[in-house]
$ cat structure_13.cif   # mmCIF, C-alpha atoms
data_target
loop_
_atom_site.label_atom_id
_atom_site.label_comp_id
_atom_site.auth_asym_id
_atom_site.auth_seq_id
_atom_site.Cartn_x
_atom_site.Cartn_y
_atom_site.Cartn_z
CA ILE A 1 22.26 -24.11 47.05
CA LEU A 2 18.50 -23.89 46.59
CA LEU A 3 18.98 -22.44 43.09
CA VAL A 4 21.34 -25.27 42.14
CA PHE A 5 18.83 -27.92 43.27
CA THR A 6 16.01 -26.12 41.48
CA GLY A 7 18.10 -25.95 38.31
CA VAL A 8 18.99 -29.63 38.52
CA PHE A 9 15.36 -30.71 38.98
CA LEU A 10 13.72 -28.30 36.52
CA GLY A 11 16.41 -28.26 33.84
CA PRO A 12 15.75 -31.73 32.37
CA ASN A 13 11.97 -31.16 32.51
CA SER A 14 12.30 -27.86 30.66
CA PHE A 15 14.60 -29.40 28.06
CA ALA A 16 12.24 -32.33 27.56
CA GLN A 17 9.27 -29.94 27.22
CA GLN A 18 11.11 -27.89 24.57
CA ASN A 19 11.96 -31.06 22.63
CA ALA A 20 8.33 -32.21 22.88
CA GLU A 21 7.13 -28.82 21.55
CA LYS A 22 9.56 -29.01 18.61
CA ALA A 23 8.42 -32.55 17.83
CA SER A 24 4.79 -31.47 18.09
CA LYS A 25 5.37 -28.58 15.64
CA LYS A 26 7.15 -30.91 13.23
CA ASP A 27 4.29 -33.43 13.48
CA SER A 28 1.79 -30.60 13.02
CA TYR A 29 3.56 -29.39 9.86
CA SER A 30 3.75 -32.95 8.53
CA SER A 31 0.06 -33.40 9.26
CA VAL A 32 -0.87 -30.21 7.42
CA LYS A 33 1.45 -31.06 4.52
CA SER A 34 -0.09 -34.51 4.14
CA ARG A 35 -3.64 -33.09 4.09
CA ALA A 36 -2.83 -30.19 1.77
CA ASN A 37 -4.20 -30.21 -1.74
CA THR A 38 -5.53 -27.47 -3.98
CA ASN A 39 -9.13 -28.73 -4.00
CA ASP A 40 -9.34 -28.75 -0.20
CA ILE A 41 -7.78 -25.29 0.01
CA GLN A 42 -10.27 -23.91 -2.50
CA ARG A 43 -13.18 -25.62 -0.72
CA LEU A 44 -12.12 -24.15 2.65
CA LEU A 45 -11.81 -20.67 1.14
CA SER A 46 -15.16 -20.98 -0.63
CA ASP A 47 -16.87 -22.09 2.59
CA ALA A 48 -15.22 -19.22 4.50
CA GLU A 49 -16.38 -16.73 1.86
CA LYS A 50 -19.99 -17.89 2.29
CA ILE A 51 -20.02 -17.54 6.09
CA LYS A 52 -17.64 -14.61 6.68
CA ILE A 53 -20.47 -12.23 7.62
CA THR A 54 -22.77 -14.60 9.51
CA ASN A 55 -20.06 -16.63 11.27
CA PRO A 56 -16.70 -14.80 11.30
CA LYS A 57 -15.20 -17.25 13.80
CA GLY A 58 -16.03 -20.27 11.63
CA ALA A 59 -14.77 -18.45 8.54
CA LEU A 60 -11.55 -17.59 10.36
CA GLU A 61 -10.96 -21.25 11.26
CA ASN A 62 -11.44 -22.29 7.62
CA VAL A 63 -9.10 -19.57 6.36
CA GLN A 64 -6.42 -20.45 8.90
CA GLU A 65 -6.52 -24.08 7.77
CA ALA A 66 -6.42 -23.03 4.09
CA LEU A 67 -3.52 -20.66 4.81
CA ALA A 68 -1.53 -23.39 6.57
CA MET A 69 -2.12 -25.77 3.66
CA SER A 70 -1.20 -23.09 1.11
CA ILE A 71 2.07 -22.36 2.89
CA ALA A 72 2.87 -26.07 3.17
CA GLU A 73 2.17 -26.51 -0.56
CA GLU A 74 4.02 -23.28 -1.48
CA ASP A 75 0.84 -22.20 -3.29
CA GLN A 76 1.23 -18.42 -3.44
CA PHE A 77 -2.06 -17.79 -5.20
CA ASN A 78 -4.21 -19.51 -2.56
CA GLU A 79 -1.99 -18.08 0.16
CA GLY A 80 -2.76 -14.63 -1.23
CA LYS A 81 -6.48 -15.46 -1.39
CA SER A 82 -6.30 -16.60 2.25
CA TYR A 83 -4.75 -13.31 3.34
CA LEU A 84 -7.33 -11.42 1.30
CA LEU A 85 -10.18 -13.23 3.03
CA LEU A 86 -8.56 -12.65 6.44
CA GLY A 87 -8.42 -8.95 5.60
CA GLU A 88 -12.11 -8.94 4.67
CA ILE A 89 -13.02 -10.73 7.91
CA ASN A 90 -10.90 -8.29 9.95
CA GLU A 91 -12.47 -5.36 8.13
CA SER A 92 -16.00 -6.65 8.82
CA ILE A 93 -15.28 -6.64 12.57
CA GLN A 94 -13.49 -3.27 12.31
CA GLU A 95 -10.02 -4.61 13.15
CA TRP A 96 -8.41 -2.08 10.83
CA LYS A 97 -4.74 -2.70 11.66
CA LEU A 98 -5.08 -6.49 11.26
CA ALA A 99 -7.04 -5.97 8.05
CA LEU A 100 -4.29 -3.70 6.70
CA ASP A 101 -1.59 -6.27 7.51
CA ASN A 102 -3.54 -9.05 5.81
CA TYR A 103 -4.37 -6.96 2.73
CA LEU A 104 -0.69 -6.07 2.43
CA ASN A 105 0.26 -9.75 2.59
CA ALA A 106 -2.38 -10.53 -0.06
CA TYR A 107 -1.08 -7.70 -2.27
CA GLN A 108 2.47 -9.04 -2.03
CA LYS A 109 1.44 -12.63 -2.81
CA LEU A 110 -0.94 -11.71 -5.63
CA TYR A 111 1.19 -9.02 -7.30
CA PRO A 112 1.61 -10.20 -10.89
CA ASN A 113 5.37 -10.33 -11.40
CA GLU A 114 7.42 -12.68 -13.57
CA SER A 115 8.50 -15.13 -10.88
CA GLN A 116 4.92 -15.70 -9.76
CA GLN A 117 3.60 -15.94 -13.32
CA ASP A 118 5.80 -18.97 -13.86
CA ARG A 119 4.30 -20.85 -10.91
CA LYS A 120 1.71 -23.45 -11.78
CA ILE A 121 -1.41 -23.38 -9.69
CA SER A 122 -4.36 -25.64 -10.25
CA GLY A 123 -2.93 -26.66 -13.61
CA LYS A 124 -2.90 -23.03 -14.84
CA LEU A 125 -0.24 -20.40 -14.95
CA ALA A 126 -0.71 -17.89 -12.17
CA GLY A 127 -0.45 -14.85 -14.40
CA PRO A 128 -2.28 -11.53 -14.07
CA ALA A 129 -5.43 -12.87 -15.75
CA ASN A 130 -5.85 -15.56 -13.08
CA ARG A 131 -4.98 -13.26 -10.17
CA TYR A 132 -6.71 -10.13 -11.38
CA PRO A 133 -9.99 -10.00 -9.37
CA GLU A 134 -8.21 -10.90 -6.14
CA PHE A 135 -5.42 -8.42 -6.82
CA LYS A 136 -7.94 -5.62 -7.39
CA LYS A 137 -9.67 -6.58 -4.11
CA SER A 138 -6.35 -6.35 -2.28
CA LEU A 139 -5.78 -2.84 -3.66
CA ALA A 140 -9.30 -1.74 -2.65
CA GLY A 141 -8.77 -3.25 0.81
CA LEU A 142 -5.47 -1.42 1.23
CA GLY A 143 -7.13 1.84 0.23
CA ASN A 144 -10.08 1.31 2.59
CA THR A 145 -8.07 0.29 5.64
CA ASN A 146 -5.47 3.02 5.20
CA PHE A 147 -8.33 5.52 4.98
CA LYS A 148 -9.94 4.13 8.17
CA LEU A 149 -6.58 4.40 9.95
CA GLY A 150 -6.17 8.04 8.83
CA GLN A 151 -3.24 7.23 6.56
CA PHE A 152 -4.60 9.33 3.73
CA ASP A 153 -1.50 9.46 1.50
CA ASP A 154 -1.24 5.67 1.49
CA ALA A 155 -4.96 5.34 0.83
CA LEU A 156 -4.65 7.63 -2.20
CA LYS A 157 -1.65 5.68 -3.46
CA TYR A 158 -3.55 2.37 -3.49
CA TYR A 159 -6.75 3.85 -4.90
CA ARG A 160 -4.76 5.49 -7.72
CA GLU A 161 -3.00 2.20 -8.42
CA LEU A 162 -6.40 0.52 -8.55
CA LEU A 163 -7.54 3.06 -11.17
CA THR A 164 -4.71 1.96 -13.46
CA HIS A 165 -6.26 -1.50 -13.78
CA ASN A 166 -9.04 -2.51 -16.11
CA LEU A 167 -12.07 -1.47 -14.02
CA ASN A 168 -15.66 -1.63 -15.16
CA ALA A 169 -17.79 1.52 -14.86
CA ASP A 170 -19.14 0.64 -11.40
CA GLU A 171 -15.69 -0.21 -10.02
CA LYS A 172 -14.25 3.00 -11.43
CA ALA A 173 -17.07 5.10 -9.97
CA GLU A 174 -16.65 3.46 -6.56
CA CYS A 175 -12.90 4.07 -6.64
CA GLN A 176 -13.39 7.74 -7.58
CA LEU A 177 -15.90 8.11 -4.76
CA ASN A 178 -13.36 6.62 -2.33
CA ILE A 179 -10.67 9.01 -3.58
CA SER A 180 -13.09 11.88 -3.02
CA GLU A 181 -13.72 10.67 0.56
CA VAL A 182 -9.98 10.59 1.23
CA TYR A 183 -9.58 14.16 0.00
CA TYR A 184 -12.57 15.17 2.10
CA GLY A 185 -10.93 13.54 5.13
CA MET A 186 -7.81 15.58 4.38
CA LYS A 187 -10.01 18.72 4.26
CA ASN A 188 -8.95 19.24 0.64
CA TYR A 189 -12.46 20.01 -0.58
CA ASP A 190 -11.46 21.21 -4.06
CA GLN A 191 -9.76 17.90 -4.85
CA ALA A 192 -12.70 16.02 -3.32
CA LEU A 193 -15.10 17.76 -5.74
CA LYS A 194 -12.71 17.26 -8.64
CA ALA A 195 -12.57 13.51 -7.95
CA LEU A 196 -16.38 13.40 -7.99
CA ASP A 197 -16.51 15.23 -11.30
#
$ encode --input "structure_13.cif" --output "C-alpha cells"
Amino acid sequence: ILLVFTGVFLGPNSFAQQNAEKASKKDSYSSVKSRANTNDIQRLLSDAEKIKITNPKGALENVQEALAMSIAEEDQFNEGKSYLLLGEINESIQEWKLALDNYLNAYQKLYPNESQQDRKISGKLAGPANRYPEFKKSLAGLGNTNFKLGQFDDALKYYRELLTHNLNADEKAECQLNISEVYYGMKNYDQALKALD
C-alpha cells in the first residue's frame, strides 16, 4: 500500500520534471541555434587558442560554446576545429584518452572527402586546401596521444599518414623524430635509428 501511495504522489512530479527537462533542452538548443554564426564561432575558437595554456578552463568554456554553435549550424569545419582545440587542451593537461577521442573526432570532421568538399563554410568551399593545416594537426595529435597511451602501431599509422601530406622541412623532421621515438618505445632500435637517418 505504501508503494502505491508513493507511486501516486511521486509519479506526476517525476513526469513533470522529465517534461521540464525536455523543454529546457529544446529551449537550450533553440538559444544556441539563434546565437550561432560563423563569425562568433571563429572568434570563440580564436580566443580559446590564445588562452589554452594560461587558462585551460576559460579556453574549454569557449570551445564548448563554439562546438555547440557549430553543431547547431551543421558547420563541420568549425566543429572539427573545436574538437582539435579540445584535443590540444586535453593534451596540455595530460588527459591522453580524452585528447585521443577529440583528435579522432577532429580527424573525422576534417578529413577531406567529396561530401565535405561540397559544403560551403564561410563563403568558401571546405576542400583540402582550406582544411589542410587543421587536418595535419589532427594527424599529429593522433600520433602523439596514441604514443603516450602505448598504442605504438596506431601512432605509427598516423605519423606515416602525416608524412604523405605536403610537409615543410621542419614538419617532416619533427614527424620523423616522432616515428623514431615510437620505434624506440617498441624497443626496435634499428628502425628507430633508420627513421632518424
$ resolve_selection --input "structure_13.cif" --expression "the PyMOL selection byres ((chain A and resi 42) around 10)" --output "list in words"
Asn37, Thr38, Asn39, Asp40, Ile41, Arg43, Leu44, Leu45, Ser46, Asp47, Ala48, Val63, Ala66, Ser70, Asn78, Lys81, Ser82 and Ser122 of chain A
$ atom_distance --input "structure_13.cif" --atom1 "CA of Thr54 in chain A" --atom2 "CA of Glu181 in chain A"
28.3 Å
$ residues_around --input "structure_13.cif" --residues "Pro56 in chain A" --least-positions-apart "2" --cutoff "10 Å" --atoms "only C-alpha atoms" --output "list in words"
Ala48, Glu49, Ile51, Lys52, Ile53, Thr54, Gly58, Ala59, Leu60, Glu61, Asn62, Leu86, Glu88, Ile89, Asn90, Ser92 and Ile93 of chain A
$ closest_residue --input "structure_13.cif" --among "A:Ala140, A:Phe152, A:Ala68, A:Glu134" --to "Cys175 in chain A" --atoms "only C-alpha atoms"
A:Ala140
$ atom_distance --input "structure_13.cif" --atom1 "CA of Tyr183 in chain A" --atom2 "CA of Tyr159 in chain A"
11.8 Å
$ resolve_selection --input "structure_13.cif" --expression "the PyMOL selection byres ((chain A and resi 147) around 12)" --output "ChimeraX atom specification"
/A:96-97,99-100,140-146,148-159,178-186
$ closest_residue --input "structure_13.cif" --among "A:Glu91, A:Pro133, A:Glu74, A:Leu67" --to "Leu167 in chain A" --atoms "only C-alpha atoms"
A:Pro133
$ resolve_selection --input "structure_13.cif" --expression "the PyMOL selection byres ((chain A and resi 194) around 10)" --output "MDAnalysis selection string"
chainID A and resid 176 179:180 183 189:193 195:197
$ atom_distance --input "structure_13.cif" --atom1 "CA of Ala72 in chain A" --atom2 "CA of Lys109 in chain A"
14.8 Å
$ closest_residue --input "structure_13.cif" --among "A:Leu85, A:Leu139, A:Leu177, A:Leu163" --to "Tyr111 in chain A" --atoms "all atoms listed in the file"
A:Leu139
$ residues_around --input "structure_13.cif" --residues "Phe135 in chain A" --least-positions-apart "6" --cutoff "10 Å" --atoms "all atoms listed in the file" --output "VMD selection string"
chain A and resid 80 to 81 84 103 106 to 112 128 to 129 141 162 165
